[in-house]
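So the structure is just underneath, and the comments pick up after that.
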Amino acid sequence: NPQSPLPLLIRLGRWTEAEQTLLAFIAAQVGELGAHLETLLKDKRAALLLDGLNELPVNQRASKYPQVQKFIQTHKELLAVVSCRALDYTLDLKFDTINILPLDPLRIREFVKRDLGDEQGEQMFWKLAGDKTQQTYQRFIQKFSGQLDDLEQTFWNEPQLPSGVYWGVDAKDYKNYYWESWLKLRETPSSLMLMARNPYLLSMLDAEFAEAGKLPDNRGDLFRAFVNRLLKREREFLKDEVEQDALQREQDALIPLLAQLAFEMQSRRSDDDEGGALTALPKAEALRVLTERHRSTSCPYRRSSSTVSRTHS
């Protein structure tokens with residue numbers, strides 16, 4: 001449709017040349033459309049999706065963030081979306097801001113069923129939920145079917161039952177015992193369902209299930225599958241076989257280092273009530289395990305190494 005805008009997905013993580021302007025970078029990223037970019041902008045035919053503001057090299061953000069801001073302000077009628085990790089949005093670009101909430105279980109179920117089909121999607125959903133949750137769900141449905149207007153919404157998302165409704169035993173202090181037990185189970189930090197609230201991790205879980213027909217029972221095996229999937233994606237990004245072979249050698253060396261880093265985080269345990277593993281280490285301590293080369297954004301294979309840096313910084 002010559003009257004409709006063209007959606008242009010621009011991955012800002014690839015904007016690594018310090019002297020390259022944003023306009024030149026966008027033109028280089030859209031292939032043959034690059035020669036017509038200024039016309040598309042002038043005619044308001046471009047819909048820009050600038051993905052991963054936080055993936056810009058750290059030492060270039062001070063100069064490149066303002067370029068993004070100026071570009072959007074210069075093209076005031078341009079349809080544009082800029083995505084960024086909330087914690088990395090440290091320079092207010094004066095844009096209208098939408099904070100993306102975690103997915104709730106009902107949206108997770110909808111996603112996997114749409115992608116995998118009803119039968120496989122339902123299997124994956126209950127794999128994420130776990131056997132104990134499925135048993136609790138069945139008891140809840142049996143108990144309140146015909147009594148509550150929206151059983152699914154209440155079970156998965158509400159912090160409390162409707163006024164005057166209880167789920168427990170007759171004893172005064174235990175009249176909501178089953179509901180309170182369910183709330184604790186629902187927020188278990190180690191739950192795969194909590195992991196799946198992150199759309200990126202859900203897509204990784206979904207891809208693993210689609211390929212293998214199941215999810216690994218062991219959490220370590222699951223994350224190993226994640227890492228291998230990401231590294232495979234990096235290799236496919238490179239078209240030159242020599243580069244692919246070199247990257248494979250880099251990655252073969254990286255895997256045991258990541259395992260050692262994970263062990264460091266696991267063995268130090270956090271001070272919270274759950275006593276879970278650490279999710280971050282000071283840079284100096286991390287560098288005892290990961291060399292500067294493996295976490296540096298100046299590594300020849302920047303996309304792979306920056307992933308490690310973002311994950312463990």
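Every chain in the structure tokens takes a letter, A first, then B, and so on in the order presented; its residues are numbered from 1, and the ligands are numbered from 1 following the presented order.
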
Within 9 Å of Arg186 in chain A, counting only C-alpha atoms, which residues show up once you throw out same-chain ones fewer than 5 positions away? Write them as a PyMOL selection string, please. chain A and resi 129+133+156+181+191+193-194

Find the spatial neighbours of Gly213 in chain A, counting only C-alpha atoms, within a cut-off of 12 Å - ignore same-chain residues fewer than 2 positions away - and output them as a PDB file with all heavy atoms, in the first residue's frame.
ATOM      1  N   LEU A 116       2.646 -22.527  19.608  1.00  0.00           N
ATOM      2  CA  LEU A 116       2.856 -23.973  19.536  1.00  0.00           C
ATOM      3  C   LEU A 116       1.600 -24.748  19.146  1.00  0.00           C
ATOM      4  O   LEU A 116       1.678 -25.948  18.878  1.00  0.00           O
ATOM      5  CB  LEU A 116       3.366 -24.491  20.881  1.00  0.00           C
ATOM      6  CG  LEU A 116       4.688 -23.904  21.389  1.00  0.00           C
ATOM      7  CD1 LEU A 116       4.963 -24.376  22.813  1.00  0.00           C
ATOM      8  CD2 LEU A 116       5.840 -24.275  20.467  1.00  0.00           C
ATOM      9  N   GLU A 119      -2.639 -27.869  21.746  1.00  0.00           N
ATOM     10  CA  GLU A 119      -2.231 -29.046  22.527  1.00  0.00           C
ATOM     11  C   GLU A 119      -0.823 -28.890  23.098  1.00  0.00           C
ATOM     12  O   GLU A 119      -0.609 -29.046  24.306  1.00  0.00           O
ATOM     13  CB  GLU A 119      -2.302 -30.303  21.657  1.00  0.00           C
ATOM     14  CG  GLU A 119      -1.975 -31.590  22.418  1.00  0.00           C
ATOM     15  CD  GLU A 119      -2.140 -32.825  21.563  1.00  0.00           C
ATOM     16  OE1 GLU A 119      -2.705 -32.734  20.452  1.00  0.00           O
ATOM     17  OE2 GLU A 119      -1.692 -33.910  22.007  1.00  0.00           O
ATOM     18  N   GLN A 120       0.135 -28.561  22.229  1.00  0.00           N
ATOM     19  CA  GLN A 120       1.507 -28.400  22.706  1.00  0.00           C
ATOM     20  C   GLN A 120       1.627 -27.199  23.631  1.00  0.00           C
ATOM     21  O   GLN A 120       2.368 -27.226  24.615  1.00  0.00           O
ATOM     22  CB  GLN A 120       2.470 -28.245  21.533  1.00  0.00           C
ATOM     23  CG  GLN A 120       3.080 -29.550  21.050  1.00  0.00           C
ATOM     24  CD  GLN A 120       4.355 -29.306  20.256  1.00  0.00           C
ATOM     25  OE1 GLN A 120       4.389 -28.456  19.377  1.00  0.00           O
ATOM     26  NE2 GLN A 120       5.385 -30.055  20.562  1.00  0.00           N
ATOM     27  N   GLY A 121       0.910 -26.126  23.308  1.00  0.00           N
ATOM     28  CA  GLY A 121       0.957 -24.939  24.145  1.00  0.00           C
ATOM     29  C   GLY A 121       0.450 -25.215  25.550  1.00  0.00           C
ATOM     30  O   GLY A 121       1.018 -24.750  26.540  1.00  0.00           O
ATOM     31  N   GLN A 123       0.492 -28.133  27.048  1.00  0.00           N
ATOM     32  CA  GLN A 123       1.514 -28.963  27.699  1.00  0.00           C
ATOM     33  C   GLN A 123       2.651 -28.106  28.250  1.00  0.00           C
ATOM     34  O   GLN A 123       3.098 -28.296  29.382  1.00  0.00           O
ATOM     35  CB  GLN A 123       2.066 -29.988  26.702  1.00  0.00           C
ATOM     36  CG  GLN A 123       1.098 -31.082  26.315  1.00  0.00           C
ATOM     37  CD  GLN A 123       1.677 -31.994  25.245  1.00  0.00           C
ATOM     38  OE1 GLN A 123       2.850 -31.897  24.889  1.00  0.00           O
ATOM     39  NE2 GLN A 123       0.845 -32.884  24.717  1.00  0.00           N
ATOM     40  N   MET A 124       3.111 -27.163  27.424  1.00  0.00           N
ATOM     41  CA  MET A 124       4.209 -26.316  27.881  1.00  0.00           C
ATOM     42  C   MET A 124       3.785 -25.445  29.056  1.00  0.00           C
ATOM     43  O   MET A 124       4.526 -25.250  30.015  1.00  0.00           O
ATOM     44  CB  MET A 124       4.725 -25.444  26.740  1.00  0.00           C
ATOM     45  CG  MET A 124       5.861 -24.523  27.205  1.00  0.00           C
ATOM     46  SD  MET A 124       6.528 -23.459  25.944  1.00  0.00           S
ATOM     47  CE  MET A 124       7.565 -22.391  26.968  1.00  0.00           C
ATOM     48  N   LYS A 127       3.902 -27.322  32.139  1.00  0.00           N
ATOM     49  CA  LYS A 127       5.298 -27.603  32.486  1.00  0.00           C
ATOM     50  C   LYS A 127       5.896 -26.398  33.202  1.00  0.00           C
ATOM     51  O   LYS A 127       6.619 -26.543  34.190  1.00  0.00           O
ATOM     52  CB  LYS A 127       6.100 -27.911  31.218  1.00  0.00           C
ATOM     53  CG  LYS A 127       7.576 -28.199  31.462  1.00  0.00           C
ATOM     54  CD  LYS A 127       7.781 -29.484  32.250  1.00  0.00           C
ATOM     55  CE  LYS A 127       9.259 -29.805  32.387  1.00  0.00           C
ATOM     56  NZ  LYS A 127       9.487 -31.051  33.168  1.00  0.00           N
ATOM     57  N   LEU A 205      12.291 -20.093  26.276  1.00  0.00           N
ATOM     58  CA  LEU A 205      11.640 -21.319  26.743  1.00  0.00           C
ATOM     59  C   LEU A 205      10.774 -21.922  25.647  1.00  0.00           C
ATOM     60  O   LEU A 205      10.772 -23.135  25.420  1.00  0.00           O
ATOM     61  CB  LEU A 205      10.784 -21.012  27.982  1.00  0.00           C
ATOM     62  CG  LEU A 205      11.532 -20.697  29.273  1.00  0.00           C
ATOM     63  CD1 LEU A 205      10.621 -19.954  30.248  1.00  0.00           C
ATOM     64  CD2 LEU A 205      12.070 -21.967  29.919  1.00  0.00           C
ATOM     65  N   ASP A 206      10.053 -21.061  24.968  1.00  0.00           N
ATOM     66  CA  ASP A 206       9.159 -21.501  23.903  1.00  0.00           C
ATOM     67  C   ASP A 206       9.947 -22.151  22.763  1.00  0.00           C
ATOM     68  O   ASP A 206       9.571 -23.210  22.253  1.00  0.00           O
ATOM     69  CB  ASP A 206       8.368 -20.289  23.389  1.00  0.00           C
ATOM     70  CG  ASP A 206       7.406 -20.646  22.270  1.00  0.00           C
ATOM     71  OD1 ASP A 206       6.290 -21.083  22.580  1.00  0.00           O
ATOM     72  OD2 ASP A 206       7.772 -20.478  21.099  1.00  0.00           O
ATOM     73  N   ALA A 207      11.060 -21.521  22.371  1.00  0.00           N
ATOM     74  CA  ALA A 207      11.881 -22.063  21.290  1.00  0.00           C
ATOM     75  C   ALA A 207      12.483 -23.406  21.675  1.00  0.00           C
ATOM     76  O   ALA A 207      12.550 -24.328  20.851  1.00  0.00           O
ATOM     77  CB  ALA A 207      12.984 -21.070  20.923  1.00  0.00           C
ATOM     78  N   GLU A 208      12.902 -23.533  22.932  1.00  0.00           N
ATOM     79  CA  GLU A 208      13.478 -24.801  23.394  1.00  0.00           C
ATOM     80  C   GLU A 208      12.417 -25.904  23.392  1.00  0.00           C
ATOM     81  O   GLU A 208      12.685 -27.037  22.966  1.00  0.00           O
ATOM     82  CB  GLU A 208      14.055 -24.623  24.805  1.00  0.00           C
ATOM     83  CG  GLU A 208      14.742 -25.855  25.371  1.00  0.00           C
ATOM     84  CD  GLU A 208      15.965 -26.270  24.587  1.00  0.00           C
ATOM     85  OE1 GLU A 208      16.563 -25.416  23.878  1.00  0.00           O
ATOM     86  OE2 GLU A 208      16.333 -27.467  24.660  1.00  0.00           O
ATOM     87  N   PHE A 209      11.225 -25.580  23.846  1.00  0.00           N
ATOM     88  CA  PHE A 209      10.146 -26.575  23.867  1.00  0.00           C
ATOM     89  C   PHE A 209       9.752 -26.972  22.442  1.00  0.00           C
ATOM     90  O   PHE A 209       9.514 -28.150  22.153  1.00  0.00           O
ATOM     91  CB  PHE A 209       8.933 -26.020  24.612  1.00  0.00           C
ATOM     92  CG  PHE A 209       7.875 -27.048  24.910  1.00  0.00           C
ATOM     93  CD1 PHE A 209       7.883 -27.735  26.115  1.00  0.00           C
ATOM     94  CD2 PHE A 209       6.879 -27.331  23.995  1.00  0.00           C
ATOM     95  CE1 PHE A 209       6.914 -28.691  26.396  1.00  0.00           C
ATOM     96  CE2 PHE A 209       5.904 -28.282  24.259  1.00  0.00           C
ATOM     97  CZ  PHE A 209       5.934 -28.966  25.467  1.00  0.00           C
ATOM     98  N   ALA A 210       9.689 -25.983  21.534  1.00  0.00           N
ATOM     99  CA  ALA A 210       9.309 -26.260  20.149  1.00  0.00           C
ATOM    100  C   ALA A 210      10.315 -27.196  19.486  1.00  0.00           C
ATOM    101  O   ALA A 210       9.952 -28.074  18.698  1.00  0.00           O
ATOM    102  CB  ALA A 210       9.196 -24.962  19.362  1.00  0.00           C
ATOM    103  N   GLU A 211      11.589 -27.033  19.807  1.00  0.00           N
ATOM    104  CA  GLU A 211      12.639 -27.835  19.176  1.00  0.00           C
ATOM    105  C   GLU A 211      12.758 -29.209  19.807  1.00  0.00           C
ATOM    106  O   GLU A 211      12.905 -30.222  19.119  1.00  0.00           O
ATOM    107  CB  GLU A 211      13.976 -27.098  19.265  1.00  0.00           C
ATOM    108  CG  GLU A 211      15.116 -27.811  18.564  1.00  0.00           C
ATOM    109  CD  GLU A 211      16.389 -26.980  18.548  1.00  0.00           C
ATOM    110  OE1 GLU A 211      16.331 -25.842  18.025  1.00  0.00           O
ATOM    111  OE2 GLU A 211      17.426 -27.452  19.052  1.00  0.00           O
ATOM    112  N   LEU A 215      10.973 -29.368  28.138  1.00  0.00           N
ATOM    113  CA  LEU A 215      11.948 -28.491  28.783  1.00  0.00           C
ATOM    114  C   LEU A 215      12.827 -29.346  29.686  1.00  0.00           C
ATOM    115  O   LEU A 215      12.345 -30.296  30.306  1.00  0.00           O
ATOM    116  CB  LEU A 215      11.244 -27.411  29.609  1.00  0.00           C
ATOM    117  CG  LEU A 215      10.411 -26.388  28.834  1.00  0.00           C
ATOM    118  CD1 LEU A 215       9.702 -25.448  29.800  1.00  0.00           C
ATOM    119  CD2 LEU A 215      11.278 -25.594  27.867  1.00  0.00           C
ATOM    120  N   PRO A 216      14.124 -29.034  29.767  1.00  0.00           N
ATOM    121  CA  PRO A 216      14.997 -29.812  30.650  1.00  0.00           C
ATOM    122  C   PRO A 216      14.490 -29.774  32.090  1.00  0.00           C
ATOM    123  O   PRO A 216      14.015 -28.735  32.567  1.00  0.00           O
ATOM    124  CB  PRO A 216      16.349 -29.101  30.522  1.00  0.00           C
ATOM    125  CG  PRO A 216      16.294 -28.397  29.202  1.00  0.00           C
ATOM    126  CD  PRO A 216      14.865 -27.993  29.026  1.00  0.00           C
TER     127      PRO A 216
END

I want to know what sits within 10 Å of Ile100 in chain A, based on only C-alpha atoms, with residues of the same chain fewer than 3 positions away left out; could you give that as JSON, numbers by chain? {"A": [85, 86, 97, 103, 198, 199]}

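Considering the residues A:Leu22, A:Ile98, A:Leu12, A:Val30 and counting only C-alpha atoms, Phe71 in chain A has its shortest atom-to-atom contact with A:Leu22.
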
Fewer than 4 positions away in the same chain doesn't count, so skip those; otherwise give me all residues within 8 Å of Leu183 in chain A, counting only C-alpha atoms, as a PDB file with N, CA, C and O atoms, in the first residue's frame.
ATOM      1  N   PRO A 159      -4.731 -10.751  44.234  1.00  0.00           N
ATOM      2  CA  PRO A 159      -4.027 -10.907  45.510  1.00  0.00           C
ATOM      3  C   PRO A 159      -4.915 -11.458  46.622  1.00  0.00           C
ATOM      4  O   PRO A 159      -4.426 -11.904  47.657  1.00  0.00           O
ATOM      5  N   TRP A 179      -5.926 -20.769  50.241  1.00  0.00           N
ATOM      6  CA  TRP A 179      -5.639 -19.605  49.394  1.00  0.00           C
ATOM      7  C   TRP A 179      -4.285 -19.000  49.740  1.00  0.00           C
ATOM      8  O   TRP A 179      -3.492 -18.671  48.837  1.00  0.00           O
ATOM      9  N   GLU A 187       4.231 -17.296  44.017  1.00  0.00           N
ATOM     10  CA  GLU A 187       5.357 -16.365  43.970  1.00  0.00           C
ATOM     11  C   GLU A 187       6.686 -17.039  44.292  1.00  0.00           C
ATOM     12  O   GLU A 187       7.663 -16.358  44.617  1.00  0.00           O
TER      13      GLU A 187
END

Helix (DSSP H, G or I) residues, from DSSP on the backbone, in range 104-207 of chain A, as number ranges by chain: A: 105-116, 118-129, 131-144, 151-157, 172-174, 177-186, 192-196, 199-207

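With distances restricted to only C-alpha atoms, A:Leu8 is the closest residue to Ala80 in chain A from A:Ala246, A:Leu201, A:Leu8, A:Leu148.
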
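Interatomic distance, CA of Gln248 in chain A to CA of Val289 in chain A: 19.7 Å.
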